[in-house]
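A.B. asks: What follows is model.txt; its format and atoms are compact mmCIF, C-alpha atoms.
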# COMPACT_ATOMS: atom_id res chain seq x y z
CA MET A 1 96.62 116.55 100.61
CA ILE A 2 94.16 113.77 99.79
CA SER A 3 91.92 112.83 102.70
CA SER A 4 90.42 109.71 101.11
CA LEU A 5 90.07 107.67 97.94
CA THR A 6 86.79 105.86 97.37
CA ALA A 7 86.00 103.29 94.71
CA GLU A 8 82.29 102.72 94.09
CA LYS A 9 81.06 99.60 92.30
CA LEU A 10 84.02 99.48 89.94
CA ALA A 11 84.00 97.12 86.99
CA CYS A 12 86.85 96.42 84.65
CA ALA A 13 86.86 94.41 81.44
CA ARG A 14 89.83 93.65 79.20
CA GLY A 15 88.68 92.53 75.80
CA GLU A 16 85.86 90.05 76.29
CA ARG A 17 86.97 89.17 79.82
CA GLN A 18 85.40 90.71 82.91
CA LEU A 19 88.18 91.09 85.49
CA PHE A 20 86.06 92.37 88.36
CA ASP A 21 82.67 93.88 88.95
CA GLY A 22 80.99 95.77 91.80
CA LEU A 23 84.30 96.49 93.54
CA SER A 24 84.01 99.06 96.32
CA PHE A 25 86.56 100.21 98.89
CA ARG A 26 87.78 103.31 100.68
CA VAL A 27 91.30 104.22 101.72
CA ARG A 28 91.85 107.19 104.03
CA ALA A 29 94.90 109.39 104.45
CA GLY A 30 97.65 107.55 106.32
CA GLN A 31 96.31 104.13 105.29
CA ALA A 32 97.59 101.44 102.96
CA LEU A 33 95.59 98.90 101.00
CA ALA A 34 97.13 95.67 99.74
CA VAL A 35 95.47 94.34 96.58
CA GLU A 36 95.88 90.58 96.46
CA GLY A 37 94.92 87.98 93.94
CA ALA A 38 96.15 85.36 91.55
CA ASN A 39 98.06 86.24 88.40
CA GLY A 40 95.67 87.81 85.91
CA ALA A 41 93.07 88.63 88.56
CA GLY A 42 93.22 92.32 87.63
CA LYS A 43 95.55 93.81 90.28
CA THR A 44 97.57 95.85 87.78
CA SER A 45 94.39 96.82 85.91
CA LEU A 46 92.93 98.16 89.15
CA LEU A 47 96.04 100.28 89.71
CA ARG A 48 95.84 101.57 86.12
CA LEU A 49 92.17 102.40 86.66
CA ILE A 50 93.03 104.42 89.74
CA ALA A 51 95.91 106.16 87.94
CA GLY A 52 93.51 107.14 85.17
CA PHE A 53 95.18 105.18 82.37
CA LEU A 54 92.09 103.00 82.01
CA ALA A 55 88.45 104.01 82.15
CA PRO A 56 86.22 101.77 84.30
CA ALA A 57 83.52 99.79 82.53
CA ALA A 58 81.23 100.84 85.39
CA GLY A 59 81.48 102.68 88.71
CA ARG A 60 83.67 105.60 89.69
CA ILE A 61 86.68 106.58 91.74
CA LEU A 62 86.38 109.59 94.00
CA VAL A 63 89.26 111.49 95.54
CA LYS A 64 88.47 113.77 98.45
CA THR A 65 90.78 116.71 99.05
CA GLY A 66 89.57 118.93 101.87
CA ASP A 67 85.89 119.60 101.16
CA ASN A 68 86.26 118.91 97.45
CA GLU A 69 85.46 115.46 96.05
CA SER A 70 86.26 114.73 92.41
CA ASP A 71 86.11 111.77 90.05
CA ASP A 72 88.23 113.49 87.37
CA ALA A 73 90.80 110.95 86.16
CA GLU A 74 93.33 113.51 84.94
CA GLU A 75 93.19 115.44 88.20
CA ARG A 76 93.64 112.17 90.11
CA GLY A 77 96.62 111.24 87.94
CA ARG A 78 98.40 114.42 89.06
CA GLN A 79 98.30 113.05 92.64
CA VAL A 80 99.74 109.66 91.75
CA GLY A 81 103.22 108.42 92.52
CA TRP A 82 103.63 105.40 90.25
CA LEU A 83 105.82 102.35 90.71
CA GLY A 84 104.92 99.96 87.92
CA HIS A 85 106.40 96.58 87.14
CA LEU A 86 108.48 98.34 84.47
CA ASP A 87 111.13 100.62 85.94
CA GLY A 88 110.91 103.40 83.35
CA LEU A 89 114.68 103.89 83.27
CA LYS A 90 116.80 104.75 80.25
CA PRO A 91 120.03 102.76 79.88
CA GLN A 92 121.66 105.74 78.13
CA MET A 93 121.23 108.04 81.13
CA THR A 94 123.08 108.11 84.44
CA VAL A 95 121.36 107.53 87.76
CA GLY A 96 121.60 111.25 88.60
CA GLU A 97 120.34 112.39 85.19
CA GLN A 98 117.41 110.00 85.43
CA LEU A 99 116.31 111.27 88.81
CA SER A 100 116.93 114.89 87.92
CA PHE A 101 114.81 114.49 84.76
CA TYR A 102 111.79 113.28 86.71
CA ALA A 103 112.26 115.90 89.44
CA ARG A 104 112.13 118.63 86.78
CA LEU A 105 109.31 116.97 84.84
CA TYR A 106 107.23 116.77 88.02
CA ALA A 107 108.28 120.34 88.89
CA VAL A 108 109.47 119.41 92.38
CA GLY A 109 113.03 120.74 92.17
CA ASP A 110 116.16 118.63 92.37
CA ALA A 111 117.87 120.07 95.45
CA ASP A 112 117.47 116.98 97.66
CA LEU A 113 118.32 114.34 95.06
CA PRO A 114 121.67 113.35 96.59
CA SER A 115 120.04 112.65 99.96
CA VAL A 116 117.23 110.61 98.34
CA LEU A 117 119.80 108.59 96.40
CA ALA A 118 121.69 107.99 99.64
CA GLN A 119 118.44 106.84 101.31
CA VAL A 120 117.93 104.12 98.71
CA GLY A 121 121.56 103.04 98.80
CA LEU A 122 122.62 104.59 95.50
CA GLY A 123 124.47 107.60 96.91
CA ALA A 124 127.74 106.56 95.29
CA ARG A 125 126.11 105.72 91.97
CA ALA A 126 124.90 109.15 90.79
CA GLU A 127 127.27 109.18 87.79
CA PHE A 128 126.69 105.51 87.00
CA PRO A 129 124.95 104.74 83.66
CA CYS A 130 121.64 102.96 84.27
CA ARG A 131 122.58 100.23 81.79
CA TYR A 132 125.05 98.87 84.36
CA LEU A 133 122.56 98.70 87.24
CA SER A 134 121.33 95.35 88.51
CA ALA A 135 117.58 94.64 88.63
CA GLY A 136 117.56 95.41 92.36
CA GLN A 137 119.44 98.68 91.88
CA ARG A 138 117.04 99.68 89.13
CA ARG A 139 114.16 99.04 91.51
CA ARG A 140 115.88 101.17 94.16
CA LEU A 141 116.25 104.00 91.66
CA ALA A 142 112.57 103.68 90.78
CA LEU A 143 111.83 103.96 94.53
CA ALA A 144 113.99 107.09 94.69
CA ARG A 145 111.93 108.54 91.84
CA LEU A 146 108.74 107.71 93.74
CA VAL A 147 110.01 109.58 96.81
CA VAL A 148 111.17 112.54 94.71
CA SER A 149 107.75 112.84 93.01
CA ARG A 150 106.22 113.97 96.35
CA ARG A 151 102.83 112.66 95.29
CA PRO A 152 100.33 111.79 98.06
CA LEU A 153 98.78 108.72 96.39
CA TRP A 154 101.28 105.91 95.84
CA LEU A 155 100.25 103.13 93.46
CA LEU A 156 102.73 100.29 93.70
CA ASP A 157 102.80 97.21 91.51
CA GLU A 158 104.74 94.43 93.26
CA PRO A 159 106.89 96.87 95.27
CA PHE A 160 109.12 94.12 96.72
CA ALA A 161 109.95 92.55 93.34
CA ALA A 162 113.66 92.09 92.51
CA LEU A 163 114.78 93.44 95.89
CA ASP A 164 117.03 91.76 98.43
CA THR A 165 116.22 91.70 102.16
CA SER A 166 117.62 95.17 102.80
CA GLY A 167 115.78 96.48 99.74
CA GLN A 168 112.51 95.02 101.03
CA ALA A 169 113.15 96.62 104.41
CA LEU A 170 113.76 99.90 102.61
CA VAL A 171 110.40 99.63 100.81
CA SER A 172 108.65 98.89 104.10
CA HIS A 173 110.39 101.88 105.73
CA LEU A 174 109.45 104.24 102.86
CA MET A 175 105.85 103.04 102.86
CA ALA A 176 105.53 103.45 106.64
CA ARG A 177 106.99 106.94 106.40
CA HIS A 178 104.64 107.86 103.56
CA CYS A 179 101.60 106.71 105.53
CA GLY A 180 102.96 108.49 108.60
CA ASP A 181 103.10 111.68 106.55
CA GLY A 182 99.42 111.30 105.68
CA GLY A 183 99.86 109.68 102.27
CA ILE A 184 97.81 106.85 100.80
CA ILE A 185 99.25 103.60 99.42
CA ILE A 186 97.53 101.06 97.23
CA ALA A 187 99.83 98.18 96.40
CA ALA A 188 99.31 95.12 94.24
CA THR A 189 101.35 92.48 95.97
CA HIS A 190 101.77 88.81 96.79
CA ASP A 191 103.72 89.71 99.94
CA PRO A 192 102.38 91.25 103.15
CA LEU A 193 103.00 94.99 103.33
CA GLY A 194 103.63 94.81 107.08
CA LEU A 195 101.82 98.08 107.74
CA GLY A 196 98.81 96.73 109.63
CA ASN A 197 96.92 97.52 106.48
CA GLU A 198 93.60 96.45 105.01
CA SER A 199 93.68 94.04 102.12
CA LEU A 200 91.46 93.54 99.11
CA LYS A 201 91.18 90.16 97.44
CA LEU A 202 90.45 90.11 93.73
CA MET B 1 113.28 124.85 83.42
CA SER B 2 109.78 123.96 82.24
CA ALA B 3 108.59 120.37 81.96
CA PHE B 4 108.28 120.86 78.19
CA VAL B 5 111.93 121.91 77.79
CA THR B 6 113.04 119.17 80.20
CA LEU B 7 111.38 116.50 78.05
CA LEU B 8 112.64 118.09 74.83
CA LEU B 9 116.25 118.13 76.06
CA ARG B 10 116.03 114.57 77.37
CA ASP B 11 114.77 113.28 74.02
CA ILE B 12 117.53 115.12 72.14
CA ARG B 13 120.09 113.69 74.56
CA LEU B 14 118.68 110.17 74.14
CA ALA B 15 118.72 110.54 70.34
CA ALA B 16 122.38 111.60 70.49
CA ARG B 17 123.33 108.70 72.78
CA SER B 18 121.27 105.97 71.10
CA GLY B 19 123.75 105.10 68.42
CA GLY B 20 122.94 108.28 66.51
CA SER B 21 119.56 108.05 64.80
CA ALA B 22 120.50 111.35 63.15
CA ALA B 23 123.70 109.81 61.79
CA LEU B 24 121.67 106.88 60.44
CA ALA B 25 119.17 109.22 58.76
CA LEU B 26 121.95 111.39 57.32
CA SER B 27 123.81 108.36 55.98
CA PHE B 28 120.65 106.99 54.37
CA PHE B 29 119.88 110.39 52.82
CA ALA B 30 123.43 110.68 51.46
CA LEU B 31 123.31 107.13 50.06
CA VAL B 32 119.99 107.72 48.27
CA ALA B 33 121.29 111.00 46.85
CA THR B 34 124.45 109.28 45.66
CA LEU B 35 122.77 106.24 44.13
CA VAL B 36 120.23 108.15 42.04
CA PRO B 37 122.83 110.02 39.91
CA LEU B 38 124.64 106.69 39.46
CA GLY B 39 121.42 105.13 38.20
CA VAL B 40 120.25 108.03 36.06
CA GLY B 41 123.63 108.62 34.42
CA ALA B 42 125.60 111.74 33.60
CA ASP B 43 122.75 113.71 32.05
CA LEU B 44 123.22 116.88 34.12
CA HIS B 45 120.06 118.50 32.80
CA LEU B 46 117.95 115.48 33.73
CA LEU B 47 119.58 115.26 37.16
CA SER B 48 118.80 118.87 37.98
CA ARG B 49 115.18 118.34 36.82
CA VAL B 50 114.64 115.38 39.17
CA ALA B 51 116.69 116.80 42.07
CA GLY B 52 113.82 118.40 43.95
CA GLY B 53 111.63 115.32 43.93
CA VAL B 54 114.43 112.85 44.67
CA LEU B 55 115.90 114.87 47.54
CA TRP B 56 112.49 115.52 49.08
CA VAL B 57 111.52 111.83 48.92
CA GLY B 58 114.98 110.91 50.25
CA ALA B 59 114.59 113.30 53.19
CA VAL B 60 111.12 111.96 54.05
CA LEU B 61 112.27 108.32 53.90
CA SER B 62 115.36 109.14 55.96
CA ALA B 63 113.28 110.86 58.66
CA LEU B 64 111.01 107.79 58.75
CA LEU B 65 113.86 105.59 59.95
CA SER B 66 113.72 106.91 63.50
CA LEU B 67 110.04 107.85 63.69
CA ASP B 68 108.80 104.49 64.96
CA ARG B 69 110.78 104.99 68.18
CA LEU B 70 109.21 108.38 68.89
CA PHE B 71 106.94 106.98 71.63
CA GLN B 72 107.76 103.29 71.55
CA GLY B 73 110.92 103.37 73.65
CA ASP B 74 109.10 105.20 76.43
CA PHE B 75 106.09 102.89 76.09
CA GLU B 76 108.13 99.70 76.30
CA ASP B 77 110.18 100.65 79.36
CA GLY B 78 107.31 102.21 81.33
CA SER B 79 108.54 105.82 81.01
CA LEU B 80 105.41 106.84 79.13
CA ASP B 81 103.25 105.98 82.17
CA LEU B 82 105.39 108.27 84.30
CA ILE B 83 105.43 111.05 81.72
CA ALA B 84 101.64 110.78 81.36
CA LEU B 85 101.27 111.30 85.13
CA SER B 86 103.43 114.44 85.07
CA PRO B 87 101.91 117.93 85.05
CA LEU B 88 102.76 118.20 81.34
CA ALA B 89 99.66 117.66 79.19
CA LEU B 90 99.94 114.73 76.78
CA GLU B 91 99.44 117.14 73.86
CA LEU B 92 102.51 119.11 74.97
CA THR B 93 104.38 115.85 75.53
CA ALA B 94 103.67 114.96 71.90
CA LEU B 95 104.75 118.43 70.76
CA ALA B 96 108.02 118.14 72.73
CA LYS B 97 108.71 114.80 71.09
CA ILE B 98 107.93 116.18 67.63
CA ALA B 99 110.29 119.11 68.26
CA ALA B 100 113.03 116.79 69.53
CA HIS B 101 112.67 114.55 66.48
CA TRP B 102 112.87 117.52 64.13
CA LEU B 103 115.91 118.98 65.90
CA SER B 104 117.73 115.64 65.92
CA THR B 105 116.71 114.45 62.43
CA GLY B 106 114.82 116.96 60.25
CA LEU B 107 117.18 119.85 60.85
CA PRO B 108 120.39 117.87 60.17
CA LEU B 109 118.82 116.51 56.94
CA THR B 110 117.98 120.06 55.89
CA LEU B 111 121.52 121.25 56.63
CA LEU B 112 122.96 118.42 54.55
CA SER B 113 120.72 119.02 51.54
CA PRO B 114 122.77 121.82 49.83
CA LEU B 115 125.78 119.51 49.76
CA LEU B 116 123.77 116.69 48.20
CA ALA B 117 122.24 119.12 45.70
CA LEU B 118 125.74 119.42 44.18
CA LEU B 119 125.45 115.78 43.07
CA PHE B 120 122.41 116.78 41.01
CA ASN B 121 123.97 119.86 39.44
CA LEU B 122 121.24 121.96 41.04
CA PRO B 123 121.83 125.69 40.42
CA GLY B 124 122.41 127.99 43.42
CA PRO B 125 118.95 129.65 43.51
CA ALA B 126 117.16 126.29 43.25
CA THR B 127 119.44 124.88 45.97
CA ALA B 128 118.48 127.77 48.21
CA ILE B 129 114.78 127.04 47.59
CA LEU B 130 115.37 123.35 48.31
CA PHE B 131 117.00 124.28 51.61
CA VAL B 132 114.15 126.64 52.56
CA SER B 133 111.48 124.12 51.52
CA LEU B 134 113.05 121.40 53.67
CA LEU B 135 113.41 123.86 56.55
CA ILE B 136 109.70 124.67 56.30
CA GLY B 137 108.46 121.18 55.43
CA THR B 138 110.42 118.73 57.59
CA PRO B 139 108.57 119.75 60.79
CA ALA B 140 105.44 118.40 59.06
CA VAL B 141 107.24 115.09 58.54
CA SER B 142 107.97 114.84 62.27
CA ALA B 143 104.46 116.00 63.21
CA ILE B 144 102.54 113.64 60.93
CA GLY B 145 105.01 110.91 61.76
CA ALA B 146 104.08 111.36 65.42
CA ILE B 147 100.47 110.41 64.61
CA GLY B 148 101.62 107.22 62.92
CA ALA B 149 104.10 106.45 65.70
CA SER B 150 101.43 106.85 68.37
CA LEU B 151 98.90 104.77 66.40
CA THR B 152 101.32 101.85 66.04
CA LEU B 153 102.67 102.21 69.57
CA SER B 154 101.58 98.87 70.97
CA LEU B 155 101.99 96.90 67.74
CA LYS B 156 104.89 94.53 67.40
CA ARG B 157 106.83 95.55 64.27
CA GLY B 158 104.69 98.67 64.07
CA GLY B 159 107.59 100.32 62.27
CA LEU B 160 106.70 98.31 59.17
CA ILE B 161 103.14 99.66 59.12
CA LEU B 162 104.16 103.21 59.95
CA PRO B 163 105.28 104.22 56.42
CA LEU B 164 102.03 102.88 54.97
CA ILE B 165 100.08 105.15 57.30
CA ILE B 166 102.06 108.34 57.04
CA LEU B 167 103.54 108.42 53.53
CA PRO B 168 100.17 109.16 51.87
CA LEU B 169 99.59 111.93 54.42
CA LEU B 170 102.98 113.43 53.57
CA SER B 171 102.35 113.62 49.83
CA PRO B 172 101.32 117.34 49.99
CA ALA B 173 104.68 118.19 51.58
CA VAL B 174 106.55 116.36 48.81
CA ILE B 175 104.39 117.92 46.08
CA PHE B 176 104.76 121.49 47.37
CA GLY B 177 108.44 121.10 48.34
CA ALA B 178 109.53 119.57 45.06
CA GLY B 179 107.22 121.98 43.22
CA ALA B 180 108.98 124.96 44.78
CA VAL B 181 112.36 123.64 43.60
CA GLN B 182 110.94 123.00 40.12
CA ALA B 183 109.56 126.53 39.97
CA ALA B 184 112.97 127.96 40.90
CA LEU B 185 114.59 125.83 38.19
CA ASP B 186 112.12 127.18 35.62
CA GLY B 187 112.89 130.73 36.68
CA MET B 188 109.46 131.20 38.21
CA ALA B 189 108.56 132.42 41.69
CA ALA B 190 108.56 129.62 44.26
CA LYS B 191 106.68 131.58 46.86
CA ASP B 192 103.27 130.08 46.05
CA ALA B 193 104.47 126.53 46.54
CA LEU B 194 106.45 127.56 49.64
CA GLY B 195 103.38 129.30 51.02
CA LEU B 196 101.27 126.18 50.58
CA LEU B 197 104.04 124.10 52.14
CA ALA B 198 104.21 126.48 55.11
CA ALA B 199 100.42 126.29 55.54
CA PHE B 200 100.54 122.49 55.42
CA ALA B 201 103.42 122.36 57.91
CA THR B 202 101.76 124.82 60.28
CA ALA B 203 98.49 122.89 60.26
CA SER B 204 100.37 119.61 60.80
CA VAL B 205 102.41 120.91 63.73
CA LEU B 206 99.38 122.53 65.36
CA LEU B 207 96.95 119.62 64.95
CA SER B 208 99.05 116.48 65.14
CA PRO B 209 99.89 116.77 68.89
CA PHE B 210 96.16 116.42 69.64
CA ALA B 211 95.82 113.35 67.43
CA ALA B 212 99.03 111.80 68.77
CA ALA B 213 98.00 112.45 72.39
CA ALA B 214 94.62 110.78 71.77
CA CYS B 215 96.37 107.72 70.31
CA VAL B 216 98.81 107.58 73.24
CA ARG B 217 95.87 107.68 75.70
CA LEU B 218 94.24 104.76 73.88
CA ASN B 219 97.46 102.76 74.02
CA LEU B 220 98.10 103.51 77.71
CA GLY B 221 94.61 102.20 78.43
CA GLY B 222 95.05 99.15 76.24
Take the structure in the file and write it out as structure tokens.
C.D. replies:
Amino acid sequence: MISSLTAEKLACARGERQLFDGLSFRVRAGQALAVEGANGAGKTSLLRLIAGFLAPAAGRILVKTGDNESDDAEERGRQVGWLGHLDGLKPQMTVGEQLSFYARLYAVGDADLPSVLAQVGLGARAEFPCRYLSAGQRRRLALARLVVSRRPLWLLDEPFAALDTSGQALVSHLMARHCGDGGIIIAATHDPLGLGNESLKL
Amino acid sequence: MSAFVTLLLRDIRLAARSGGSAALALSFFALVATLVPLGVGADLHLLSRVAGGVLWVGAVLSALLSLDRLFQGDFEDGSLDLIALSPLALELTALAKIAAHWLSTGLPLTLLSPLLALLFNLPGPATAILFVSLLIGTPAVSAIGAIGASLTLSLKRGGLILPLIILPLLSPAVIFGAGAVQAALDGMAAKDALGLLAAFATASVLLSPFAAAACVRLNLGG
């Protein structure tokens, strides 16, 4: 389990444009960090830096696990549960197939998939092709995949997007439970997370 | 089930459900093989002489039809981010995708080739060599195609550039494959050409996952 994630003097540039520079923060196990900022401020880029998709122009990201502290991007990526603004769902596959695929890919087993689907309100939709899901249902399925991944570091890009009131409550519940279990959440959002969390303005 | 097999089976399933990229490739291959004899005329000797080259070029062009989607579908819908974060190394991800492409496209094209060889009056022994050469060589088409597909991943209409990148790289496969058929037609041993083709295909399949994974990493960061 990760005990903390520390960013030290991070800088990120996309093309000729410097998005941020000298960015430092620390998030400990059980805590959430809301990353706020205007469109184009670099919220998604920061999440992609933490996930290891992007290399920082300067600075480093350290993940502490027990006594071991590492800045290895690939190692960090193996701890990440990712909820991007794209849902990553295939219209040709059913809800159950989709979830089962990721459970097997992440080597976490697919025994509890029905209960996770029920948690996100898609219990009766396991055989439903993803092409017929609404935007909100697709987001719920992406949330189910996040839960199934059993990763300690959740990186969420606009987690409340496309969800109705009950869906937003579900996200809040899942995030609170994840933090309660000792996980870490870093979320790029325009909405308050409602977790008594720290926030970072870009 | 390992993550590698899981991804391989998913890609084969998607290929089967996506309007049949294999069916499209097979239809294109059959059309090319039908049109050439119509254009060349009823000179059976000439047809059998050009059969190896025409069928090899037809198979390569047919396999190209679905190559641009090798990574692009997963890139566009966000799946590639999730796959990249899985325990499966990106090199093995690329290898799984190459294998899935070959099983859903290259292998069906190879299985169809003896039937199309009839249109070219290709003798039995030369047809057998054609079949073996495609069996050995089409994995190289998928493997080298994966490099092009990963390079053009984030380009709009990258599929148009893809053939320009990979066709020159595939010329050894066409030369050795068609050469093996020609040797069989001339009553000579085809094993030299098949050996070179096998060496080319082995090197392609072993090395291209590393190149493709590097290109995917660049595109995920971009």
A.B. asks: Let me make sure I understand: among A:Leu62, A:Leu155, A:Leu202, A:Val116, which one has the smallest atom-to-atom distance to chain B if we use all atoms listed in the file?
C.D. replies: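 Using all atoms listed in the file, chain B sits closest to A:Leu155.
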A.B. asks: Taking all atoms listed in the file into account, which of B:Leu95, B:Ala180, B:Leu194, B:Ala128 comes nearest Leu8 in chain B?
C.D. replies: B:Leu95
A.B. asks: Extract, using all atoms listed in the file, all DNA, RNA and protein residues at most 6 Å from range 64-75 of chain B, discarding same-chain residues fewer than 2 positions from it, and format them as a PDB file with C-alpha atoms, keeping the file's coordinate frame.
C.D. replies:
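Once written, out-v2.pdb looks like this:
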ATOM      1  CA  LEU B  61     112.270 108.320  53.900  1.00  0.00           C
ATOM      2  CA  SER B  62     115.360 109.140  55.960  1.00  0.00           C
ATOM      3  CA  ASP B  77     110.180 100.650  79.360  1.00  0.00           C
ATOM      4  CA  GLY B  78     107.310 102.210  81.330  1.00  0.00           C
ATOM      5  CA  SER B  79     108.540 105.820  81.010  1.00  0.00           C
ATOM      6  CA  LEU B  80     105.410 106.840  79.130  1.00  0.00           C
ATOM      7  CA  ALA B 149     104.100 106.450  65.700  1.00  0.00           C
ATOM      8  CA  LEU B 153     102.670 102.210  69.570  1.00  0.00           C
ATOM      9  CA  GLY B 159     107.590 100.320  62.270  1.00  0.00           C
TER      10      GLY B 159
END
A.B. asks: So how many Å separate CA of Leu47 in chain B and CA of Leu118 in chain B, to one decimal?
C.D. replies: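 Going from CA of Leu47 in chain B over to CA of Leu118 in chain B covers 10.2 Å.
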A.B. asks: Tell me the residues of chain A close to chain B, meaning within 9 Å using only C-alpha atoms, as a PyMOL selection string.
C.D. replies: chain A and resi 14+48-49+51-55+74+77-90+92-93+101-102+104-107
A.B. asks: With only C-alpha atoms as the atoms that count, which of A:Leu113, A:Ala73, A:Ala29, A:Leu122 lies nearest to Gly180 in chain A?
C.D. replies: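 Answer, going by the shortest atom-to-atom distance: A:Ala29.
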